[in-house]
Amino acid sequence: MNGLEPTVDVSVGDWIAEGLGGPLGTVGSVVPRGFAAYARILHPVEFDDDERPPVTWAEVCMLTGRVPHALMQWAAVVTPAAGAAVVAGPSGIWEDGDVRVGDLAPAALGTLIDVLEPATGEQDCFHALWEGWGWVDGSGVAIFSVSDDSRVERGPAPEPGVPAEVWALPRLRLPDRDYLLFRGPLRAALDMGWQGSPLGFEPQSPSLLWPADRSWCVGTEIDFDSTLVGGSADLIAAVLAAPDLEAWPVEPDDDLSASGDLINPAPAVDG
């Protein structure tokens, strides 16, 4: 990964484990408590075709009749209310677009980095990558092709995303998650991902990102469709004001689990 060097001394991340707290799914279980302010960045709504630009959750709410707010949940947002401007698909939800889980799209990540740069300067940052992504060691990736006679053939195993010597390094161990840790410039976060993918470079936003002075921390939990930022009041105000980010102020105890949206009714569960 360009610009990133593996970090052997993972104790530089001990402060994160010490600062995490609260029930699983809360803001404070993803980024450390103790910052002056926090923001939740909602992952952009993307479409299968490349012709339409991403839209915001608030724009989807205008179609589905849901209420946009800081703790809204995607599953509730895409379930049209009575009298909504769109009709639910066969699954009972609006199916025209979707959001990434565990990954902040490159354009949004680039905008966030633009906001973080003035508060970071030239100091190095630490970039944590969850070890469980299938491409990291290659174990979760398979390439198939279909021949002219419709036979499905498995191609050669792709190269792992990190070399064996990096895979063997110590992990940053946090509750229920282990991470490979790298050090490098802030903008190197845009180069994290699978460089040797058969489909070309596949970016992956850092699971955790923080500067050497610990003045802020960004966390993208692998099961979340939003990214959290903790930092100074001024920094979080800048995140909230960024025109290309859909961000809301949150608090460490706020619940971002599936049951955390108390404004929009939870979608019905079959059975």
# chains A, B, ... in the order shown; residues from 1 in each chain; ligands from 1

$ closest_atom_pairs --of "segment 176-248 of chain A" --to "segment 19-30 of chain A" --cutoff "9 Å" --atoms "only C-alpha atoms" --output "Markdown table"
| residue | atom | partner | partner_atom | distance |
| --- | --- | --- | --- | --- |
| A:Leu208 | CA | A:Val30 | CA | 8.8 |
| A:Val218 | CA | A:Val30 | CA | 8.9 |
| A:Gly219 | CA | A:Val30 | CA | 6.1 |
| A:Thr220 | CA | A:Val30 | CA | 7.6 |
| A:Glu221 | CA | A:Val30 | CA | 6.4 |
| A:Phe224 | CA | A:Gly25 | CA | 8.7 |
| A:Leu228 | CA | A:Val27 | CA | 7.3 |

$ residues_around --residues "His127 of chain A" --least-positions-apart "6" --cutoff "12 Å" --atoms "only C-alpha atoms" --output "VMD selection string"
chain A and resid 1 3 to 7 10 12 to 13 172 179 to 193 204 to 212 217 to 220

$ select_by_dssp --residues "segment 49-86 of chain A" --states "alpha helix (DSSP H)" --output "number ranges by chain"
A: 57-64, 74-77

$ closest_residue --among "A:Pro44, A:Gly230, A:Pro32, A:Pro90" --to "Glu246 of chain A" --atoms "only C-alpha atoms"
A:Pro44

$ atom_distance --atom1 "atom CA of Leu240 of chain A" --atom2 "atom CA of Trp15 of chain A"
25.5 Å

$ residues_around --residues "Thr79 of chain A" --least-positions-apart "6" --cutoff "8 Å" --atoms "only C-alpha atoms" --output "JSON, numbers by chain"
{"A": [64, 88, 92, 93, 94, 267]}

$ closest_residue --among "A:Met72, A:Ala82, A:Val8, A:Leu109" --to "Glu165 of chain A" --atoms "only C-alpha atoms"
A:Val8

$ residues_around --residues "Ala247 of chain A" --least-positions-apart "3" --cutoff "8 Å" --atoms "only C-alpha atoms" --output "list in words"
Ala39, Arg40, Ile41, Leu42, Val239 and Leu240 of chain A

$ write_last_selection --atoms "all heavy atoms" --output "mmCIF file, in the first residue's frame"
data_model
loop_
_atom_site.group_PDB
_atom_site.id
_atom_site.type_symbol
_atom_site.label_atom_id
_atom_site.label_comp_id
_atom_site.auth_asym_id
_atom_site.auth_seq_id
_atom_site.Cartn_x
_atom_site.Cartn_y
_atom_site.Cartn_z
ATOM 1 N N ALA A 39 -18.782 13.402 15.419
ATOM 2 C CA ALA A 39 -19.646 13.499 14.250
ATOM 3 C C ALA A 39 -19.845 12.119 13.653
ATOM 4 O O ALA A 39 -18.953 11.261 13.712
ATOM 5 C CB ALA A 39 -19.061 14.442 13.202
ATOM 6 N N ARG A 40 -21.019 11.921 13.071
ATOM 7 C CA ARG A 40 -21.332 10.709 12.324
ATOM 8 C C ARG A 40 -21.467 11.076 10.852
ATOM 9 O O ARG A 40 -22.297 11.912 10.488
ATOM 10 C CB ARG A 40 -22.638 10.087 12.816
ATOM 11 C CG ARG A 40 -23.041 8.811 12.079
ATOM 12 C CD ARG A 40 -24.464 8.413 12.413
ATOM 13 N NE ARG A 40 -24.826 7.131 11.789
ATOM 14 C CZ ARG A 40 -26.083 6.706 11.605
ATOM 15 N NH1 ARG A 40 -27.096 7.474 11.983
ATOM 16 N NH2 ARG A 40 -26.321 5.541 11.029
ATOM 17 N N ILE A 41 -20.629 10.475 10.007
ATOM 18 C CA ILE A 41 -20.684 10.709 8.570
ATOM 19 C C ILE A 41 -21.431 9.546 7.934
ATOM 20 O O ILE A 41 -20.992 8.387 8.014
ATOM 21 C CB ILE A 41 -19.275 10.816 7.971
ATOM 22 C CG1 ILE A 41 -18.517 11.987 8.600
ATOM 23 C CG2 ILE A 41 -19.342 10.981 6.457
ATOM 24 C CD1 ILE A 41 -17.053 12.027 8.206
ATOM 25 N N LEU A 42 -22.554 9.827 7.307
ATOM 26 C CA LEU A 42 -23.340 8.786 6.653
ATOM 27 C C LEU A 42 -22.712 8.448 5.307
ATOM 28 O O LEU A 42 -22.377 9.337 4.523
ATOM 29 C CB LEU A 42 -24.776 9.268 6.453
ATOM 30 C CG LEU A 42 -25.511 9.676 7.738
ATOM 31 C CD1 LEU A 42 -26.860 10.284 7.407
ATOM 32 C CD2 LEU A 42 -25.671 8.494 8.671
ATOM 33 N N VAL A 239 -16.153 19.353 10.123
ATOM 34 C CA VAL A 239 -16.689 18.134 9.510
ATOM 35 C C VAL A 239 -18.179 18.320 9.213
ATOM 36 O O VAL A 239 -18.661 18.007 8.124
ATOM 37 C CB VAL A 239 -16.481 16.917 10.433
ATOM 38 C CG1 VAL A 239 -17.230 15.694 9.902
ATOM 39 C CG2 VAL A 239 -14.996 16.598 10.580
ATOM 40 N N LEU A 240 -18.908 18.849 10.178
ATOM 41 C CA LEU A 240 -20.349 19.037 10.013
ATOM 42 C C LEU A 240 -20.667 20.064 8.919
ATOM 43 O O LEU A 240 -21.715 19.986 8.281
ATOM 44 C CB LEU A 240 -20.973 19.483 11.332
ATOM 45 C CG LEU A 240 -20.875 18.493 12.500
ATOM 46 C CD1 LEU A 240 -21.406 19.118 13.777
ATOM 47 C CD2 LEU A 240 -21.624 17.207 12.189
#

$ closest_residue --among "A:Glu251, A:Thr56, A:Leu256, A:Ala242" --to "Val115 of chain A" --atoms "only C-alpha atoms"
A:Ala242

$ closest_residue --among "A:Gln195, A:Ser232, A:Asn264, A:Thr227" --to "Leu104 of chain A" --atoms "only C-alpha atoms"
A:Thr227

$ closest_residue --among "A:Arg52, A:Ala119, A:Leu169, A:Ala128" --to "Ala233 of chain A" --atoms "only C-alpha atoms"
A:Ala119

$ closest_residue --among "A:Ala84, A:Ala107, A:Leu235, A:Val99" --to "Ser215 of chain A" --atoms "only C-alpha atoms"
A:Leu235

$ residues_around --residues "Glu131 of chain A" --least-positions-apart "6" --cutoff "9 Å" --atoms "only C-alpha atoms" --output "list of chain:residue names"
A:Asp137, A:Trp167, A:Arg171, A:Arg177, A:Asp178, A:Tyr179, A:Leu180

$ residues_around --residues "Gly97 of chain A" --least-positions-apart "3" --cutoff "8 Å" --atoms "only C-alpha atoms" --output "NGL selection string"
:A and (45-48 or 94)

$ atom_distance --atom1 "atom CA of Asp261 of chain A" --atom2 "atom CA of Met62 of chain A"
17.0 Å
